[in-house]
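Asker: Dropping the structure in here first, questions after.
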Amino acid sequence: MNFDLSWILLGLPLAFVLGWLASRLDLRQLRFENRQAPKAYFKGLNFLLNEQQDQAIDAFIEAVQNDPDTSELHFALGNLFRRRGEYERAVRVHEHLLSRGDLTLADHQRAQHALALDYLKAGLLDRAEAALLKLEGTPFEAQARLALLANYERSRDWPQAARIAQKLTVARQGNFDTRLAHYLCEQAEACVAEQRPDEAIAVLQDAIATAPEAPRPRMALAQLLRSQGNSAQAYTALAQSLDTSPSAVPLIAIAIVDLAIQSGQNAAALALLKRHYESSPSLDVLDAIVALEATLRAPSPSARDWYVHHLEHEPSLVAAAKWIAGEKLEHEQFHPQVQRALDHAVKPLLRYRCAACGFETKQHFWQCPGCQAWDSYPSRRVEEL
């Protein structure tokens with residue numbers, strides 16, 4: 001059989017031309033895709049800077065479709081979904097990242113942290129806890145522990161919250177002694193509700209040892225001792241807290257009056273409160289002084305003179321209203337109307353205001369019911385701030 005070499009001579013140039021055309025088409029497609037990805041990325045960035053999150057998400061989705069292996073775009077997209085409250089989509093993005101085998105260890109840990117934040121924002125506390133625990137020993141450990149602490153607080157799992165607070169303190173990631181004392185007080189309240197007062201007392205004593213300057217443990221201990229009929233011990237606990245927690249004296253003064261009367265410590269309590277009032281005048285301490293003076297002798301104008309004394313140093317509508325309540329006015333027939341108007345005006349001034357979020361309440365809270373911050377309520381009323 002004769003082999004015709006002319007076909008080879010004709011086929012070689014043809015194969016070369018076809019190969020060249022194919023390579024040109026591949027290069028053109030690659031250049032087109034490379035142009036499209038940065039264009040979509042910068043378009044999304046521009047929308048994000050202009051706070052147009054819907055358009056930014058669409059642009060980032062387009063960029064991810066053009067280059068599905070780019071992890072940074074996935075992180076940006078997942079964070080945008082979380083900020084918009086689309087937690088399910090954010091979870092899917094971060095779970096997709098975690099499923100990739102080519103992800104670096106740093107990006108894998110970062111995706112794990114992002115997924116935990118998705119669960120936290122979505123209120124899936126059990127899943128968030130499991131995701132955060134996987135971050136132990138990673139660069140995100142400190143952030144994960146703080147998030148775990150908030151998670152346990154939301155679920156009111158105080159023993160676990162105490163465990164995390166101790167870890168943070170040992171790792172020198174902050175001083176959580178006061179927070180730990182709050183957790184112990186919460187556990188003590190649970191013990192009281194379950195009719196286990198002796199255990200509650202032991203827990204409160206641990207809280208006092210953990211944070212000696214914190215007022216809540218001693219106040220809670222005094223309340224518990226009083227409920228058991230131990231007024232003298234309860235008074236001693238509160239009297240100690242006057243010195244260990246000077247900033248909380250207005251709160252302690254409210255509770256110490258009845259205990260002083262029950263335990264026969266009227267004069268001693270009055271001397272203590274006067275000393276603290278002279279160093280730091282307060283409406284609640286003032287009321288306690290007036291109440292105790294009234295038990296030591298028959299009520300006299302001198303008791304109400306304390307309100308005048310307070311007005312000399314602090315302009316106070318509350319003190320003025322209380323002083324006028326016992327005064328005889330020139331037109332006494334109008335006294336009830338005037339007093340009613342004053343009492344109505346001072347009501348907002350007697351509230352407590354959270355220093356973190358501004359939430360106002362009639363009673364003092366150790367943890368703000370609005371923003372969940374601890375110790376954000378000053379011990380003084382709104383008028384004194």
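Here's how to read the names in the structure tokens: chain A, B, ... by the order shown, residue numbers from 1 in each chain, ligand numbers from 1 in the order shown.
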Pick out the residues sitting within 10 Å of Leu296 of chain A, and hand them over as a PyMOL selection string; count only C-alpha atoms, and ignore anything fewer than 6 positions along from it in its own chain.
Answerer: chain A and resi 261+266-267+270
Asker: Which residues come within 7 Å of segment 336-353 of chain A, counting only C-alpha atoms, excluding same-chain residues fewer than 4 positions away, as an mmCIF file with N, CA and C atoms, in the first residue's frame?
Answerer:
```cif
data_model
loop_
_atom_site.group_PDB
_atom_site.id
_atom_site.type_symbol
_atom_site.label_atom_id
_atom_site.label_comp_id
_atom_site.auth_asym_id
_atom_site.auth_seq_id
_atom_site.Cartn_x
_atom_site.Cartn_y
_atom_site.Cartn_z
ATOM 1 N N LEU A 317 -35.218 68.697 93.338
ATOM 2 C CA LEU A 317 -36.679 68.817 93.361
ATOM 3 C C LEU A 317 -37.292 67.751 94.269
ATOM 4 N N VAL A 318 -36.662 66.583 94.331
ATOM 5 C CA VAL A 318 -37.158 65.509 95.191
ATOM 6 C C VAL A 318 -37.078 65.923 96.662
ATOM 7 N N ALA A 321 -39.701 68.586 97.396
ATOM 8 C CA ALA A 321 -41.053 68.040 97.503
ATOM 9 C C ALA A 321 -41.265 67.363 98.853
ATOM 10 N N ALA A 325 -43.844 68.651 101.889
ATOM 11 C CA ALA A 325 -44.919 67.756 102.323
ATOM 12 C C ALA A 325 -45.257 67.935 103.802
ATOM 13 N N GLY A 358 -29.185 53.625 78.358
ATOM 14 C CA GLY A 358 -30.142 54.672 78.723
ATOM 15 C C GLY A 358 -31.500 54.151 79.165
ATOM 16 N N PHE A 359 -31.664 52.834 79.278
ATOM 17 C CA PHE A 359 -32.944 52.253 79.692
ATOM 18 C C PHE A 359 -33.231 52.635 81.141
ATOM 19 N N GLU A 360 -34.433 53.163 81.404
ATOM 20 C CA GLU A 360 -34.801 53.624 82.743
ATOM 21 C C GLU A 360 -35.807 52.681 83.385
ATOM 22 N N THR A 361 -35.628 52.448 84.687
ATOM 23 C CA THR A 361 -36.533 51.583 85.442
ATOM 24 C C THR A 361 -36.780 52.168 86.824
ATOM 25 N N LYS A 362 -37.848 51.714 87.469
ATOM 26 C CA LYS A 362 -38.162 52.173 88.815
ATOM 27 C C LYS A 362 -37.244 51.530 89.852
ATOM 28 N N GLN A 363 -36.758 50.310 89.560
ATOM 29 C CA GLN A 363 -35.891 49.616 90.508
ATOM 30 C C GLN A 363 -34.494 49.446 89.937
ATOM 31 N N HIS A 364 -33.560 49.200 90.835
ATOM 32 C CA HIS A 364 -32.173 49.022 90.422
ATOM 33 C C HIS A 364 -31.956 47.585 89.965
ATOM 34 N N TYR A 377 -26.086 50.095 85.891
ATOM 35 C CA TYR A 377 -26.980 51.018 86.592
ATOM 36 C C TYR A 377 -26.248 51.638 87.778
ATOM 37 N N ARG A 380 -27.259 55.680 92.115
ATOM 38 C CA ARG A 380 -27.979 56.939 92.352
ATOM 39 C C ARG A 380 -29.131 57.113 91.376
ATOM 40 N N ARG A 381 -30.096 57.880 91.806
ATOM 41 C CA ARG A 381 -31.270 58.156 90.985
ATOM 42 C C ARG A 381 -30.931 59.097 89.821
ATOM 43 N N VAL A 382 -31.868 59.198 88.883
ATOM 44 C CA VAL A 382 -31.637 60.018 87.690
ATOM 45 C C VAL A 382 -31.344 61.462 88.063
ATOM 46 N N GLU A 383 -32.013 61.989 89.072
ATOM 47 C CA GLU A 383 -31.830 63.392 89.440
ATOM 48 C C GLU A 383 -30.400 63.680 89.888
#
```
Asker: Which of these, A:Ser316, A:Asn151, A:Ser280, A:Gln372, has the shortest distance to Gly123 of chain A once you count only C-alpha atoms?
Answerer: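 Of all the options, A:Asn151 lies closest to Gly123 of chain A.
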Asker: What's the 7 Å shell around Thr210 of chain A, counting only C-alpha atoms, without same-chain residues fewer than 2 positions away, as a PyMOL selection string?
Answerer: chain A and resi 177+181+206-208+212
Asker: Would you mind listing, for every residue of segment 91-148 of chain A within 12 Å of segment 153-162 of chain A, the two atoms forming the shortest contact and the distance between them in Å to one decimal, using only C-alpha atoms, sorted by chain and ascending residue number, as CSV?
Answerer:
```
residue,atom,partner,partner_atom,distance
A:Leu120,CA,A:Arg154,CA,10.4
A:Gly123,CA,A:Arg154,CA,9.6
A:Leu124,CA,A:Ser155,CA,10.8
A:Leu125,CA,A:Ser155,CA,7.8
A:Asp126,CA,A:Ser155,CA,9.6
A:Ala128,CA,A:Ser155,CA,11.8
A:Glu129,CA,A:Ser155,CA,10.9
A:Arg145,CA,A:Ala161,CA,9.7
A:Leu146,CA,A:Ala161,CA,9.9
A:Ala147,CA,A:Glu153,CA,9.8
A:Leu148,CA,A:Ala161,CA,7.8
```
Asker: So how many Å separate atom CA of His74 of chain A and atom CA of Arg89 of chain A, to one decimal?
Answerer: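 Taking atom CA of His74 of chain A as the start and atom CA of Arg89 of chain A as the end point, the length is 11.3 Å.
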Asker: Got a sec: who's within 7 Å of segment 130-139 of chain A, counting only C-alpha atoms, leaving out chain neighbours fewer than 3 positions off, as a PDB file with N, CA and C atoms, in the first residue's frame?
Answerer:
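Result file is part_13.pdb:
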```
ATOM      1  N   GLN A 112     -14.882  28.868  60.727  1.00  0.00           N
ATOM      2  CA  GLN A 112     -15.521  28.288  61.909  1.00  0.00           C
ATOM      3  C   GLN A 112     -16.014  29.385  62.847  1.00  0.00           C
ATOM      4  N   HIS A 113     -15.208  30.417  63.026  1.00  0.00           N
ATOM      5  CA  HIS A 113     -15.606  31.550  63.871  1.00  0.00           C
ATOM      6  C   HIS A 113     -16.795  32.291  63.268  1.00  0.00           C
ATOM      7  N   ALA A 116     -19.939  30.324  63.828  1.00  0.00           N
ATOM      8  CA  ALA A 116     -20.407  30.463  65.212  1.00  0.00           C
ATOM      9  C   ALA A 116     -21.161  31.775  65.413  1.00  0.00           C
ATOM     10  N   ASP A 126     -27.458  26.345  71.019  1.00  0.00           N
ATOM     11  CA  ASP A 126     -26.784  25.041  71.113  1.00  0.00           C
ATOM     12  C   ASP A 126     -25.753  24.875  70.002  1.00  0.00           C
ATOM     13  N   ARG A 127     -26.138  25.224  68.778  1.00  0.00           N
ATOM     14  CA  ARG A 127     -25.206  25.124  67.650  1.00  0.00           C
ATOM     15  C   ARG A 127     -24.059  26.111  67.810  1.00  0.00           C
ATOM     16  N   ALA A 144     -13.893  33.636  71.057  1.00  0.00           N
ATOM     17  CA  ALA A 144     -14.848  32.545  71.233  1.00  0.00           C
ATOM     18  C   ALA A 144     -15.288  32.436  72.690  1.00  0.00           C
ATOM     19  N   LEU A 148     -18.940  32.711  74.104  1.00  0.00           N
ATOM     20  CA  LEU A 148     -19.502  31.640  74.927  1.00  0.00           C
ATOM     21  C   LEU A 148     -20.073  32.198  76.224  1.00  0.00           C
TER      22      LEU A 148
END
```
Asker: Just checking: using only C-alpha atoms, which residue out of A:Ala90, A:Ala200, A:Ala111, A:Ala234 ends up closest to Ser263 of chain A?
Answerer: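 The shortest atom-to-atom distance to Ser263 of chain A comes from A:Ala234.
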Asker: Near segment 165-170 of chain A, counting only C-alpha atoms, which residues have an atom at most 7 Å away, once you skip same-chain residues fewer than 5 positions from it, shown as an NGL selection string?
Answerer: :A and (175-176 or 180)
Asker: Could those residues be written to a file, using N, CA and C atoms, as a CSV table (one decimal), in the first residue's frame?
Answerer:
```csv
chain,number,residue,atom,x,y,z
A,175,ASN,N,-10.4,41.1,83.9
A,175,ASN,CA,-10.7,40.7,85.3
A,175,ASN,C,-12.2,40.5,85.4
A,176,PHE,N,-12.6,39.2,85.6
A,176,PHE,CA,-14.0,38.9,85.6
A,176,PHE,C,-14.4,38.5,87.0
A,180,LEU,N,-18.0,37.1,88.0
A,180,LEU,CA,-18.2,35.8,88.6
A,180,LEU,C,-19.0,35.8,89.8
```
Asker: Can you work out the spacing between atom CA of Ile252 of chain A and atom CA of Met219 of chain A in Å, to one decimal?
Answerer: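 Between these atoms lies a distance of 7.3 Å.
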